[in-house]
$ cat entry.txt   # compact mmCIF, C-alpha atoms
# COMPACT_ATOMS: atom_id res chain seq x y z
CA GLY A 1270 -27.89 6.21 -18.31
CA LEU A 1271 -24.13 6.54 -18.51
CA GLU A 1272 -23.98 8.69 -15.40
CA ASN A 1273 -25.09 5.68 -13.38
CA ILE A 1274 -22.16 3.50 -14.46
CA ALA A 1275 -19.40 3.78 -11.88
CA THR A 1276 -17.00 1.20 -13.24
CA ASN A 1277 -16.78 -1.60 -15.75
CA GLN A 1278 -14.94 -4.64 -14.48
CA ILE A 1279 -13.23 -6.41 -17.37
CA GLU A 1280 -10.54 -8.97 -17.92
CA LEU A 1281 -7.29 -7.14 -18.54
CA SER A 1282 -3.71 -8.27 -18.47
CA PRO A 1283 -0.51 -7.53 -20.39
CA TYR A 1284 -1.65 -10.37 -22.69
CA LEU A 1285 -5.20 -9.04 -23.08
CA GLN A 1286 -5.15 -5.26 -23.18
CA ASN A 1287 -8.64 -4.71 -24.58
CA SER A 1288 -7.61 -1.27 -25.75
CA LYS A 1289 -10.70 -0.63 -27.85
CA LEU A 1290 -13.00 -1.10 -24.89
CA VAL A 1291 -10.66 0.67 -22.45
CA ASP A 1292 -10.37 3.71 -24.73
CA PHE A 1293 -14.15 3.90 -25.03
CA LEU A 1294 -14.74 3.58 -21.29
CA GLN A 1295 -12.10 6.17 -20.45
CA SER A 1296 -13.52 8.54 -23.08
CA GLN A 1297 -16.86 8.21 -21.29
CA HIS A 1298 -15.21 8.78 -17.87
CA ILE A 1299 -16.15 5.29 -16.75
CA ASP A 1300 -13.57 3.77 -14.42
CA VAL A 1301 -12.02 0.53 -15.56
CA THR A 1302 -11.57 -2.25 -13.03
CA SER A 1303 -9.14 -4.92 -14.09
CA TYR A 1304 -9.40 -8.55 -13.07
CA MET A 1305 -7.20 -11.49 -14.15
CA THR A 1306 -4.40 -8.96 -14.35
CA LEU A 1307 -1.81 -11.73 -14.00
CA ALA A 1308 -3.67 -14.01 -16.49
CA TYR A 1309 -3.76 -16.90 -14.00
CA GLY A 1310 -0.04 -16.43 -13.47
CA LYS A 1311 0.78 -16.81 -17.17
CA VAL A 1312 2.45 -13.40 -17.34
CA LEU A 1313 4.74 -14.15 -14.41
CA ASN A 1314 7.44 -15.82 -16.51
CA ASP A 1315 7.25 -13.33 -19.35
CA PRO A 1316 10.79 -12.33 -20.42
CA VAL A 1317 9.87 -8.67 -20.98
CA LEU A 1318 8.23 -8.38 -17.56
CA THR A 1319 11.16 -10.25 -16.02
CA GLU A 1320 13.61 -7.77 -17.52
CA ILE A 1321 11.59 -4.78 -16.29
CA ALA A 1322 11.20 -6.39 -12.86
CA GLN A 1323 14.97 -6.74 -12.53
CA GLN A 1324 15.42 -3.02 -13.23
CA HIS A 1325 13.02 -2.21 -10.38
CA GLN A 1326 14.10 -4.96 -7.96
CA ALA A 1327 10.49 -6.09 -8.11
CA SER A 1328 8.56 -9.22 -9.04
CA THR A 1329 6.91 -9.70 -12.41
CA ALA A 1330 3.55 -9.71 -10.61
CA GLN A 1331 4.31 -6.27 -9.17
CA ILE A 1332 5.28 -4.99 -12.63
CA ALA A 1333 2.04 -6.27 -14.21
CA LEU A 1334 0.01 -4.66 -11.42
CA ALA A 1335 2.00 -1.41 -11.65
CA TRP A 1336 1.30 -1.38 -15.41
CA ALA A 1337 -2.45 -1.67 -14.80
CA LEU A 1338 -2.39 1.01 -12.09
CA GLN A 1339 -0.44 3.37 -14.35
CA LYS A 1340 -3.03 2.80 -17.08
CA GLY A 1341 -5.53 4.17 -14.56
CA PHE A 1342 -7.26 0.89 -13.81
CA ALA A 1343 -8.58 -0.14 -10.44
CA VAL A 1344 -7.03 -3.56 -9.88
CA ILE A 1345 -8.39 -6.61 -8.08
CA PRO A 1346 -5.44 -8.93 -7.59
CA SER A 1347 -6.45 -12.06 -5.77
CA SER A 1348 -4.13 -14.27 -3.81
CA THR A 1349 -4.50 -16.87 -1.13
CA LYS A 1350 -1.05 -16.07 0.24
CA ARG A 1351 -0.67 -13.22 2.67
CA GLU A 1352 2.87 -12.41 1.50
CA ASN A 1353 1.65 -12.15 -2.08
CA LEU A 1354 -1.12 -9.78 -1.03
CA MET A 1355 1.44 -7.59 0.74
CA ALA A 1356 3.72 -7.69 -2.30
CA ASN A 1357 0.79 -6.77 -4.56
CA LEU A 1358 0.22 -3.60 -2.53
CA LYS A 1359 3.83 -2.56 -3.13
CA ALA A 1360 3.05 -2.34 -6.85
CA GLN A 1361 1.58 1.08 -6.10
CA GLU A 1362 5.09 2.37 -5.36
CA ILE A 1363 6.56 1.34 -8.73
CA GLN A 1364 6.80 4.01 -11.44
CA LEU A 1365 7.27 2.51 -14.87
CA SER A 1366 8.89 4.62 -17.57
CA THR A 1367 7.13 5.47 -20.83
CA GLU A 1368 9.53 3.07 -22.55
CA GLU A 1369 8.63 0.26 -20.12
CA MET A 1370 4.91 0.92 -20.61
CA LEU A 1371 5.46 0.66 -24.39
CA MET A 1372 7.36 -2.61 -23.97
CA ILE A 1373 4.41 -4.02 -22.04
CA ALA A 1374 2.00 -2.70 -24.69
CA GLN A 1375 3.80 -4.95 -27.19
CA LEU A 1376 2.81 -8.04 -25.18
CA GLU A 1377 -0.80 -7.83 -26.36
CA ARG A 1378 -1.89 -11.19 -27.78
CA ASP A 1379 -5.65 -11.20 -27.14
CA GLY A 1380 -4.92 -13.79 -24.48
CA ARG A 1381 -8.32 -14.16 -22.92
CA GLU A 1382 -8.43 -16.49 -19.91
CA VAL A 1383 -12.13 -16.35 -19.16
CA ASP A 1384 -14.62 -17.91 -21.56
CA PRO A 1385 -16.77 -14.96 -22.62
CA GLU A 1386 -19.61 -17.30 -23.55
CA ASN A 1387 -20.13 -18.03 -19.87
CA LEU A 1388 -19.12 -14.79 -18.24
CA ALA A 1389 -19.17 -11.80 -20.52
CA PRO A 1390 -20.63 -10.51 -23.74
CA LYS A 1391 -18.63 -10.41 -26.96
CA TRP A 1392 -18.21 -6.67 -26.88
CA ASP A 1393 -15.61 -6.26 -29.56
CA ILE A 1394 -17.29 -7.65 -32.64

$ encode --input "entry.txt" --output "structure tokens"
Amino acid sequence: GLENIATNQIELSPYLQNSKLVDFLQSQHIDVTSYMTLAYGKVLNDPVLTEIAQQHQASTAQIALAWALQKGFAVIPSSTKRENLMANLKAQEIQLSTEEMLMIAQLERDGREVDPENLAPKWDI
């Protein structure tokens, strides 16, 4: 039953916000774990994230991770570089404003990186 589901790990990034599924999971008190939060690095050059990053003296990666954390997601950022891992942890210290969260919400483009045929069900049909 539902009480046995601790978390649902789904692909989430500023370009794939999956709000329908997220809203459902959160309404059921199921934690959301976000992977591909940086969309294979595609979000790193985003002008909106770049602008927000400059305001916070942060990197775009840190802003994307801070966004996911503020949405209440558990985040699994992967990196092979130690300095990137350390920087990723600093995302926890960034507080984005409501306005900044709304700016990021506008980046939604259903930008799925993982082929759902191979990895995940088509849950949104």

$ residues_near_point --input "entry.txt" --point "(-7.1, -15.7, -5.7)" --cutoff "12 Å" --atoms "all atoms listed in the file" --output "ChimeraX atom specification"
/A:1304-1310,1345-1351,1353-1354,1357

$ atom_distance --input "entry.txt" --atom1 "atom CA of Leu1290 of chain A" --atom2 "atom CA of Ile1321 of chain A"
26.3 Å

$ atom_distance --input "entry.txt" --atom1 "atom CA of Ala1330 of chain A" --atom2 "atom CA of Asn1277 of chain A"
22.5 Å

$ atom_distance --input "entry.txt" --atom1 "atom CA of Arg1381 of chain A" --atom2 "atom CA of Val1291 of chain A"
15.0 Å

$ closest_residue --input "entry.txt" --among "A:Asp1300, A:Val1312, A:Gln1324, A:Ile1279" --to "Arg1378 of chain A" --atoms "all atoms listed in the file"
A:Val1312

$ residues_around --input "entry.txt" --residues "Ala1333 of chain A" --least-positions-apart "6" --cutoff "12 Å" --atoms "all atoms listed in the file" --output "number ranges by chain"
A: 1281-1286, 1303-1308, 1310-1315, 1317-1319, 1321-1322, 1327, 1339-1340, 1342, 1344, 1346, 1357, 1359-1361, 1363-1365, 1369-1370, 1372-1374, 1376

$ closest_residue --input "entry.txt" --among "A:Gln1323, A:Glu1368, A:Ser1328, A:Gln1297" --to "Glu1272 of chain A" --atoms "all atoms listed in the file"
A:Gln1297

$ decode --input "entry.txt" --residues "segment 1335-1367 of chain A" --atoms "N, CA, C and O atoms" --output "mmCIF file, in the first residue's frame"
data_model
loop_
_atom_site.group_PDB
_atom_site.id
_atom_site.type_symbol
_atom_site.label_atom_id
_atom_site.label_comp_id
_atom_site.auth_asym_id
_atom_site.auth_seq_id
_atom_site.Cartn_x
_atom_site.Cartn_y
_atom_site.Cartn_z
ATOM 1 N N ALA A 1335 19.501 24.221 -5.561
ATOM 2 C CA ALA A 1335 18.776 24.951 -4.512
ATOM 3 C C ALA A 1335 17.284 24.989 -4.832
ATOM 4 O O ALA A 1335 16.438 24.837 -3.947
ATOM 5 N N TRP A 1336 16.966 25.164 -6.125
ATOM 6 C CA TRP A 1336 15.560 25.159 -6.568
ATOM 7 C C TRP A 1336 14.903 23.827 -6.181
ATOM 8 O O TRP A 1336 13.809 23.797 -5.609
ATOM 9 N N ALA A 1337 15.574 22.727 -6.500
ATOM 10 C CA ALA A 1337 15.002 21.403 -6.211
ATOM 11 C C ALA A 1337 14.848 21.199 -4.702
ATOM 12 O O ALA A 1337 13.829 20.679 -4.235
ATOM 13 N N LEU A 1338 15.841 21.626 -3.935
ATOM 14 C CA LEU A 1338 15.764 21.472 -2.478
ATOM 15 C C LEU A 1338 14.615 22.310 -1.911
ATOM 16 O O LEU A 1338 13.892 21.855 -1.033
ATOM 17 N N GLN A 1339 14.453 23.524 -2.449
ATOM 18 C CA GLN A 1339 13.368 24.379 -1.954
ATOM 19 C C GLN A 1339 12.001 23.847 -2.345
ATOM 20 O O GLN A 1339 11.007 24.123 -1.674
ATOM 21 N N LYS A 1340 11.933 23.063 -3.415
ATOM 22 C CA LYS A 1340 10.681 22.422 -3.794
ATOM 23 C C LYS A 1340 10.390 21.238 -2.868
ATOM 24 O O LYS A 1340 9.345 20.623 -2.947
ATOM 25 N N GLY A 1341 11.358 20.907 -2.018
ATOM 26 C CA GLY A 1341 11.159 19.811 -1.071
ATOM 27 C C GLY A 1341 11.638 18.470 -1.588
ATOM 28 O O GLY A 1341 11.301 17.431 -1.029
ATOM 29 N N PHE A 1342 12.428 18.489 -2.669
ATOM 30 C CA PHE A 1342 12.907 17.229 -3.222
ATOM 31 C C PHE A 1342 14.198 16.805 -2.526
ATOM 32 O O PHE A 1342 15.015 17.642 -2.170
ATOM 33 N N ALA A 1343 14.376 15.506 -2.386
ATOM 34 C CA ALA A 1343 15.698 14.974 -2.070
ATOM 35 C C ALA A 1343 16.435 14.954 -3.410
ATOM 36 O O ALA A 1343 15.856 14.624 -4.440
ATOM 37 N N VAL A 1344 17.685 15.349 -3.409
ATOM 38 C CA VAL A 1344 18.410 15.518 -4.661
ATOM 39 C C VAL A 1344 19.603 14.587 -4.705
ATOM 40 O O VAL A 1344 20.305 14.430 -3.711
ATOM 41 N N ILE A 1345 19.814 13.958 -5.872
ATOM 42 C CA ILE A 1345 20.995 13.106 -6.059
ATOM 43 C C ILE A 1345 21.836 13.720 -7.165
ATOM 44 O O ILE A 1345 21.699 13.350 -8.325
ATOM 45 N N PRO A 1346 22.666 14.707 -6.833
ATOM 46 C CA PRO A 1346 23.532 15.245 -7.887
ATOM 47 C C PRO A 1346 24.763 14.369 -8.011
ATOM 48 O O PRO A 1346 25.384 14.039 -7.004
ATOM 49 N N SER A 1347 25.089 13.969 -9.208
ATOM 50 C CA SER A 1347 26.280 13.139 -9.344
ATOM 51 C C SER A 1347 27.371 13.957 -9.997
ATOM 52 O O SER A 1347 27.107 14.819 -10.822
ATOM 53 N N SER A 1348 28.592 13.712 -9.579
ATOM 54 C CA SER A 1348 29.721 14.373 -10.207
ATOM 55 C C SER A 1348 30.948 13.517 -9.990
ATOM 56 O O SER A 1348 31.079 12.847 -8.970
ATOM 57 N N THR A 1349 31.828 13.545 -10.952
ATOM 58 C CA THR A 1349 33.081 12.801 -10.795
ATOM 59 C C THR A 1349 34.144 13.708 -10.192
ATOM 60 O O THR A 1349 35.201 13.242 -9.803
ATOM 61 N N LYS A 1350 33.850 15.005 -10.107
ATOM 62 C CA LYS A 1350 34.853 15.940 -9.601
ATOM 63 C C LYS A 1350 34.570 16.305 -8.158
ATOM 64 O O LYS A 1350 33.479 16.772 -7.828
ATOM 65 N N ARG A 1351 35.567 16.140 -7.334
ATOM 66 C CA ARG A 1351 35.411 16.417 -5.909
ATOM 67 C C ARG A 1351 34.955 17.860 -5.656
ATOM 68 O O ARG A 1351 34.068 18.117 -4.846
ATOM 69 N N GLU A 1352 35.552 18.814 -6.400
ATOM 70 C CA GLU A 1352 35.189 20.222 -6.145
ATOM 71 C C GLU A 1352 33.739 20.487 -6.525
ATOM 72 O O GLU A 1352 33.074 21.305 -5.896
ATOM 73 N N ASN A 1353 33.238 19.778 -7.528
ATOM 74 C CA ASN A 1353 31.826 19.939 -7.880
ATOM 75 C C ASN A 1353 30.925 19.358 -6.799
ATOM 76 O O ASN A 1353 29.876 19.918 -6.488
ATOM 77 N N LEU A 1354 31.340 18.239 -6.234
ATOM 78 C CA LEU A 1354 30.548 17.641 -5.150
ATOM 79 C C LEU A 1354 30.475 18.606 -3.971
ATOM 80 O O LEU A 1354 29.417 18.795 -3.372
ATOM 81 N N MET A 1355 31.606 19.223 -3.645
ATOM 82 C CA MET A 1355 31.628 20.166 -2.525
ATOM 83 C C MET A 1355 30.726 21.364 -2.839
ATOM 84 O O MET A 1355 29.977 21.829 -1.991
ATOM 85 N N ALA A 1356 30.814 21.849 -4.079
ATOM 86 C CA ALA A 1356 29.991 22.992 -4.483
ATOM 87 C C ALA A 1356 28.512 22.628 -4.426
ATOM 88 O O ALA A 1356 27.675 23.434 -4.012
ATOM 89 N N ASN A 1357 28.189 21.396 -4.831
ATOM 90 C CA ASN A 1357 26.795 20.950 -4.810
ATOM 91 C C ASN A 1357 26.219 21.027 -3.401
ATOM 92 O O ASN A 1357 25.060 21.393 -3.201
ATOM 93 N N LEU A 1358 27.043 20.671 -2.409
ATOM 94 C CA LEU A 1358 26.570 20.689 -1.021
ATOM 95 C C LEU A 1358 26.225 22.110 -0.578
ATOM 96 O O LEU A 1358 25.342 22.322 0.234
ATOM 97 N N LYS A 1359 26.946 23.082 -1.125
ATOM 98 C CA LYS A 1359 26.702 24.487 -0.750
ATOM 99 C C LYS A 1359 25.324 24.967 -1.214
ATOM 100 O O LYS A 1359 24.839 25.994 -0.746
ATOM 101 N N ALA A 1360 24.719 24.243 -2.148
ATOM 102 C CA ALA A 1360 23.393 24.643 -2.627
ATOM 103 C C ALA A 1360 22.396 24.695 -1.479
ATOM 104 O O ALA A 1360 21.411 25.433 -1.530
ATOM 105 N N GLN A 1361 22.655 23.921 -0.441
ATOM 106 C CA GLN A 1361 21.744 23.888 0.708
ATOM 107 C C GLN A 1361 21.682 25.235 1.423
ATOM 108 O O GLN A 1361 20.746 25.508 2.156
ATOM 109 N N GLU A 1362 22.716 26.053 1.228
ATOM 110 C CA GLU A 1362 22.780 27.341 1.945
ATOM 111 C C GLU A 1362 22.103 28.464 1.170
ATOM 112 O O GLU A 1362 21.985 29.571 1.658
ATOM 113 N N ILE A 1363 21.673 28.186 -0.067
ATOM 114 C CA ILE A 1363 21.110 29.246 -0.907
ATOM 115 C C ILE A 1363 19.602 29.312 -0.709
ATOM 116 O O ILE A 1363 18.910 28.307 -0.802
ATOM 117 N N GLN A 1364 19.094 30.499 -0.398
ATOM 118 C CA GLN A 1364 17.651 30.723 -0.269
ATOM 119 C C GLN A 1364 17.183 31.501 -1.485
ATOM 120 O O GLN A 1364 17.538 32.671 -1.645
ATOM 121 N N LEU A 1365 16.403 30.891 -2.315
ATOM 122 C CA LEU A 1365 15.861 31.587 -3.481
ATOM 123 C C LEU A 1365 14.571 32.299 -3.092
ATOM 124 O O LEU A 1365 13.784 31.783 -2.298
ATOM 125 N N SER A 1366 14.367 33.473 -3.670
ATOM 126 C CA SER A 1366 13.144 34.227 -3.380
ATOM 127 C C SER A 1366 11.966 33.597 -4.137
ATOM 128 O O SER A 1366 12.161 32.821 -5.079
ATOM 129 N N THR A 1367 10.768 33.967 -3.723
ATOM 130 C CA THR A 1367 9.559 33.502 -4.421
ATOM 131 C C THR A 1367 9.638 33.883 -5.887
ATOM 132 O O THR A 1367 9.295 33.100 -6.771
#
